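Have a look at the structure below, then the notes.
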Amino acid sequence: MIFTHDTEHALAVVVDLINTGAAASGTEELGGLPGLRAFVGRSAFSDVGELAEADLARVLELRDRFHAVFQTGDVPTAVRLINEIVGEVRTTPHLTDHDGYDWHVHFFAPGAPVGEHLAADCGMALAYVVAAGELDRLRTCEAPDCSRVLVDLSRNRCRRYCDSRTCGNRMHVAAYRARQREAAL
């Protein structure tokens with residue numbers, strides 16, 4: 001484990017959030033409140049109240065800003081983008097041990113709107129990545145027809161595809177077939 005459980009969870013959430021957008025996946029998955037509710041449900045957020053259109057607008061805006069962090073390979077730019085995101089919310093660090101997880105830190109106030117929750121926790125997770133000198137772990141899938149993002153948490157930094165069962169498998173099969181064609185010549 002490179003980062004703590006809560007940081008890795010927040011990184012997974014920010015990847016999922018970015019990949020719900022048309023810019024990353026080709027289709028918009030957060031087109032309305034039902035999509036936002038589904039995202040919040042699968043992200044296992046704690047202490048999120050009723051969602052409204054204002055929440056959706058804030059989450060969509062944050063998604064674009066988080067995506068910009070993944071797209072830059074430049075540490076000073078990433079730092080500026082992350083500081084802007086985190087600086088706009090009231091962070092309230094506190095320890096919690098909810099949902100069967102050991103003690104970990106949340107950076108949002110209990111009962112905070114979902115946008116504040118995302119900006120604080122996901123923004124801080126990205127800040128930890130940059131502070132650890134690991135910005136290169138924030139990547140875009142290497143499959144030529146995919147723009148989804150990923151966080152490479154592998155020990156040897158070898159993860160190349162957003163999903164080994166889809167993009168990874170497809171690329172390996174294509175490489176195998178190319179080798180077979182070449183060998184037949």
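By order of appearance in the structure tokens: chains A, B, ..., then residues from 1 within every chain, and ligands from 1 in the order shown.
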For stretch 92-153 of chain A versus stretch 9-14 of chain A, which residues have an atom no more than 8 Å away, and what is each residue's nearest atom pair and distance in Å rounded to one decimal, using only C-alpha atoms, chain-then-number order, as JSON lines?
```
{"residue": "A:Leu118", "atom": "CA", "partner": "A:Val14", "partner_atom": "CA", "distance": 7.9}
{"residue": "A:Asp121", "atom": "CA", "partner": "A:Ala10", "partner_atom": "CA", "distance": 6.2}
{"residue": "A:Cys122", "atom": "CA", "partner": "A:Ala10", "partner_atom": "CA", "distance": 5.0}
{"residue": "A:Ala125", "atom": "CA", "partner": "A:Ala10", "partner_atom": "CA", "distance": 6.1}
{"residue": "A:Leu126", "atom": "CA", "partner": "A:Leu11", "partner_atom": "CA", "distance": 7.1}
{"residue": "A:Val151", "atom": "CA", "partner": "A:Leu11", "partner_atom": "CA", "distance": 7.2}
```
Handout entry: Residues near A:Val114, cut-off 9 Å, only C-alpha atoms, skip fewer than 2 positions along chain, as a ChimeraX atom specification
Key = /A:40,45,48-49,51,55-56,58-59,111-112,116-119
May I have the selected residues written with C-alpha atoms, as a JSON list (two decimals), in the first residue's frame?
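Writing done, so here's selection-v4.json:
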```
[["chain", "number", "residue", "atom", "x", "y", "z"],
["A", 40, "VAL", "CA", -22.64, 8.68, -4.65],
["A", 45, "PHE", "CA", -19.82, 8.22, 0.70],
["A", 48, "VAL", "CA", -24.41, 12.66, 2.34],
["A", 49, "GLY", "CA", -27.86, 14.19, 2.55],
["A", 51, "LEU", "CA", -28.99, 15.71, -3.48],
["A", 55, "ASP", "CA", -24.98, 19.56, -6.06],
["A", 56, "LEU", "CA", -24.94, 18.16, -9.58],
["A", 58, "ARG", "CA", -20.85, 21.59, -8.44],
["A", 59, "VAL", "CA", -19.84, 17.95, -8.99],
["A", 111, "GLY", "CA", -23.16, 16.85, 6.79],
["A", 112, "ALA", "CA", -21.25, 18.86, 4.17],
["A", 116, "GLU", "CA", -17.54, 20.04, -0.55],
["A", 117, "HIS", "CA", -16.99, 16.40, 0.40],
["A", 118, "LEU", "CA", -15.39, 15.67, -3.00],
["A", 119, "ALA", "CA", -13.31, 18.85, -3.11]]
```
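Our summary of the geometry notes that atom CA of A:Gly115 is positioned 15.6 Å from atom CA of A:Asn83.
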Exercise for the section: Check stretch 2-176 of chain A with DSSP on the backbone and list each residue it calls strand (DSSP E), as a PyMOL selection string. Expected result: chain A and resi 94-96+104-106+138-140+149-151
Any chance you could export the current selection's N, CA and C atoms as a compact mmCIF listing (two decimals), in the first residue's frame?
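Just written: out_32.txt:
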```txt
# COMPACT_ATOMS: atom_id res chain seq x y z
N HIS A 94 -11.14 15.58 10.66
CA HIS A 94 -11.54 14.87 11.88
C HIS A 94 -11.38 13.36 11.66
N LEU A 95 -11.08 12.68 12.76
CA LEU A 95 -10.93 11.22 12.73
C LEU A 95 -12.28 10.55 12.81
N THR A 96 -12.42 9.45 12.07
CA THR A 96 -13.65 8.69 12.10
C THR A 96 -13.33 7.22 11.85
N HIS A 104 -9.49 6.79 10.34
CA HIS A 104 -8.97 7.52 9.19
C HIS A 104 -9.47 8.96 9.26
N VAL A 105 -8.92 9.81 8.42
CA VAL A 105 -9.24 11.24 8.47
C VAL A 105 -10.19 11.61 7.33
N HIS A 106 -11.23 12.35 7.67
CA HIS A 106 -12.07 13.02 6.69
C HIS A 106 -11.74 14.49 6.75
N LEU A 138 -0.72 9.44 -11.82
CA LEU A 138 -2.01 9.88 -12.35
C LEU A 138 -1.90 9.84 -13.86
N ARG A 139 -2.63 8.93 -14.49
CA ARG A 139 -2.43 8.67 -15.92
C ARG A 139 -3.74 8.59 -16.69
N THR A 140 -3.56 8.61 -18.00
CA THR A 140 -4.64 8.32 -18.94
C THR A 140 -4.34 6.95 -19.53
N VAL A 149 -9.15 7.76 -17.20
CA VAL A 149 -7.99 7.97 -16.34
C VAL A 149 -7.85 6.83 -15.35
N LEU A 150 -6.66 6.76 -14.74
CA LEU A 150 -6.38 5.74 -13.73
C LEU A 150 -5.32 6.28 -12.78
N VAL A 151 -5.24 5.66 -11.62
CA VAL A 151 -4.14 5.92 -10.68
C VAL A 151 -3.37 4.62 -10.59
```
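Atom CA of A:Glu142 is found 22.9 Å from atom CA of A:Glu182.
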Practice task
Could you please write out, as an MDAnalysis selection string, every residue of stretch 6-133 of chain A that DSSP assigns to helix (DSSP H, G or I)?
Solution key: chainID A and resid 6:18 22:25 33:42 53:71 75:87 98:100 114:131
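What separates atom CA of A:Gly35 from atom CA of A:Val15 is a distance of 15.8 Å.
Neighbouring residues of A:Ser25 at 10 Å or closer, counting only C-alpha atoms and skipping chain neighbours under 6 positions away, are Ile18, Asn19, Asp145, Cys146, Ser147, Arg148 and Val149 of chain A.
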How would the residues just picked look written out with N, CA, C and O atoms as a tab-separated table (two decimals), in the first residue's frame?
```tsv
chain	number	residue	atom	x	y	z
A	18	ILE	N	-14.13	11.29	-12.75
A	18	ILE	CA	-13.62	11.76	-14.04
A	18	ILE	C	-14.12	10.86	-15.16
A	18	ILE	O	-14.54	11.34	-16.23
A	19	ASN	N	-14.12	9.55	-14.93
A	19	ASN	CA	-14.51	8.61	-15.96
A	19	ASN	C	-16.02	8.56	-16.22
A	19	ASN	O	-16.45	7.86	-17.13
A	145	ASP	N	-7.81	3.98	-28.23
A	145	ASP	CA	-9.19	4.43	-28.37
A	145	ASP	C	-9.84	4.72	-27.02
A	145	ASP	O	-11.07	4.77	-26.91
A	146	CYS	N	-9.04	4.93	-25.98
A	146	CYS	CA	-9.58	5.16	-24.64
A	146	CYS	C	-8.97	6.41	-24.02
A	146	CYS	O	-7.76	6.64	-24.16
A	147	SER	N	-9.79	7.19	-23.35
A	147	SER	CA	-9.33	8.42	-22.70
A	147	SER	C	-9.63	8.40	-21.20
A	147	SER	O	-9.57	9.43	-20.54
A	148	ARG	N	-9.97	7.23	-20.67
A	148	ARG	CA	-10.28	7.13	-19.25
A	148	ARG	C	-9.00	7.31	-18.45
A	148	ARG	O	-7.90	7.07	-18.93
A	149	VAL	N	-9.15	7.76	-17.20
A	149	VAL	CA	-7.99	7.97	-16.34
A	149	VAL	C	-7.85	6.83	-15.35
A	149	VAL	O	-8.77	6.05	-15.14
```
Exercise for the section: Name the closest residue to A:Arg137 among the candidates A:Cys167, A:Leu30, A:Val86, A:Val69; distances are taken between atoms, counting only C-alpha atoms. Expected result: A:Val69
Exercise for the section: Do a neighbour search on A:Glu28 at 12 Å with only C-alpha atoms, toss out local chain neighbours closer than 5 positions, and write the hits as a list of chain:residue names. Expected result: A:Leu17, A:Ile18, A:Asn19, A:Thr20, A:Gly21, A:Ala22, A:Ala23, A:Gly35, A:Leu36, A:Leu60, A:Arg63
Go ahead and save the picked residues with N, CA, C and O atoms, as a PDB file, in the first residue's frame.
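selection39.pdb, written as the output of this step:
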```pdb
ATOM      1  N   LEU A  17     -15.178   9.466 -10.792  1.00  0.00           N
ATOM      2  CA  LEU A  17     -15.862  10.712 -11.139  1.00  0.00           C
ATOM      3  C   LEU A  17     -15.420  11.200 -12.514  1.00  0.00           C
ATOM      4  O   LEU A  17     -16.254  11.497 -13.371  1.00  0.00           O
ATOM      5  N   ILE A  18     -14.130  11.288 -12.748  1.00  0.00           N
ATOM      6  CA  ILE A  18     -13.624  11.763 -14.044  1.00  0.00           C
ATOM      7  C   ILE A  18     -14.123  10.860 -15.164  1.00  0.00           C
ATOM      8  O   ILE A  18     -14.538  11.344 -16.225  1.00  0.00           O
ATOM      9  N   ASN A  19     -14.120   9.553 -14.927  1.00  0.00           N
ATOM     10  CA  ASN A  19     -14.511   8.608 -15.964  1.00  0.00           C
ATOM     11  C   ASN A  19     -16.017   8.559 -16.218  1.00  0.00           C
ATOM     12  O   ASN A  19     -16.451   7.862 -17.127  1.00  0.00           O
ATOM     13  N   THR A  20     -16.801   9.320 -15.454  1.00  0.00           N
ATOM     14  CA  THR A  20     -18.232   9.426 -15.756  1.00  0.00           C
ATOM     15  C   THR A  20     -18.498  10.459 -16.843  1.00  0.00           C
ATOM     16  O   THR A  20     -19.623  10.565 -17.329  1.00  0.00           O
ATOM     17  N   GLY A  21     -17.497  11.223 -17.220  1.00  0.00           N
ATOM     18  CA  GLY A  21     -17.680  12.299 -18.192  1.00  0.00           C
ATOM     19  C   GLY A  21     -17.404  11.890 -19.612  1.00  0.00           C
ATOM     20  O   GLY A  21     -16.637  10.966 -19.886  1.00  0.00           O
ATOM     21  N   ALA A  22     -18.023  12.601 -20.529  1.00  0.00           N
ATOM     22  CA  ALA A  22     -17.847  12.326 -21.950  1.00  0.00           C
ATOM     23  C   ALA A  22     -16.402  12.535 -22.388  1.00  0.00           C
ATOM     24  O   ALA A  22     -15.920  11.847 -23.277  1.00  0.00           O
ATOM     25  N   ALA A  23     -15.687  13.453 -21.762  1.00  0.00           N
ATOM     26  CA  ALA A  23     -14.295  13.715 -22.143  1.00  0.00           C
ATOM     27  C   ALA A  23     -13.416  12.497 -21.905  1.00  0.00           C
ATOM     28  O   ALA A  23     -12.460  12.261 -22.627  1.00  0.00           O
ATOM     29  N   GLY A  35     -28.090   9.913 -12.057  1.00  0.00           N
ATOM     30  CA  GLY A  35     -26.688   9.563 -12.277  1.00  0.00           C
ATOM     31  C   GLY A  35     -25.815   9.954 -11.102  1.00  0.00           C
ATOM     32  O   GLY A  35     -24.910   9.208 -10.704  1.00  0.00           O
ATOM     33  N   LEU A  36     -26.072  11.134 -10.523  1.00  0.00           N
ATOM     34  CA  LEU A  36     -25.314  11.577  -9.354  1.00  0.00           C
ATOM     35  C   LEU A  36     -25.596  10.667  -8.164  1.00  0.00           C
ATOM     36  O   LEU A  36     -24.670  10.279  -7.440  1.00  0.00           O
ATOM     37  N   LEU A  60     -20.143  18.377 -11.373  1.00  0.00           N
ATOM     38  CA  LEU A  60     -19.704  18.430 -12.774  1.00  0.00           C
ATOM     39  C   LEU A  60     -18.540  19.407 -12.948  1.00  0.00           C
ATOM     40  O   LEU A  60     -17.584  19.130 -13.686  1.00  0.00           O
ATOM     41  N   ARG A  63     -15.474  17.796 -11.498  1.00  0.00           N
ATOM     42  CA  ARG A  63     -14.996  16.723 -12.372  1.00  0.00           C
ATOM     43  C   ARG A  63     -14.039  17.275 -13.426  1.00  0.00           C
ATOM     44  O   ARG A  63     -12.968  16.716 -13.659  1.00  0.00           O
TER      45      ARG A  63
END
```
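Of the listed residues A:Gly31, A:Ser46, A:His98, A:Ile85, the one whose atoms come nearest to A:Ala68 is A:Ile85, with distances taken using only C-alpha atoms.
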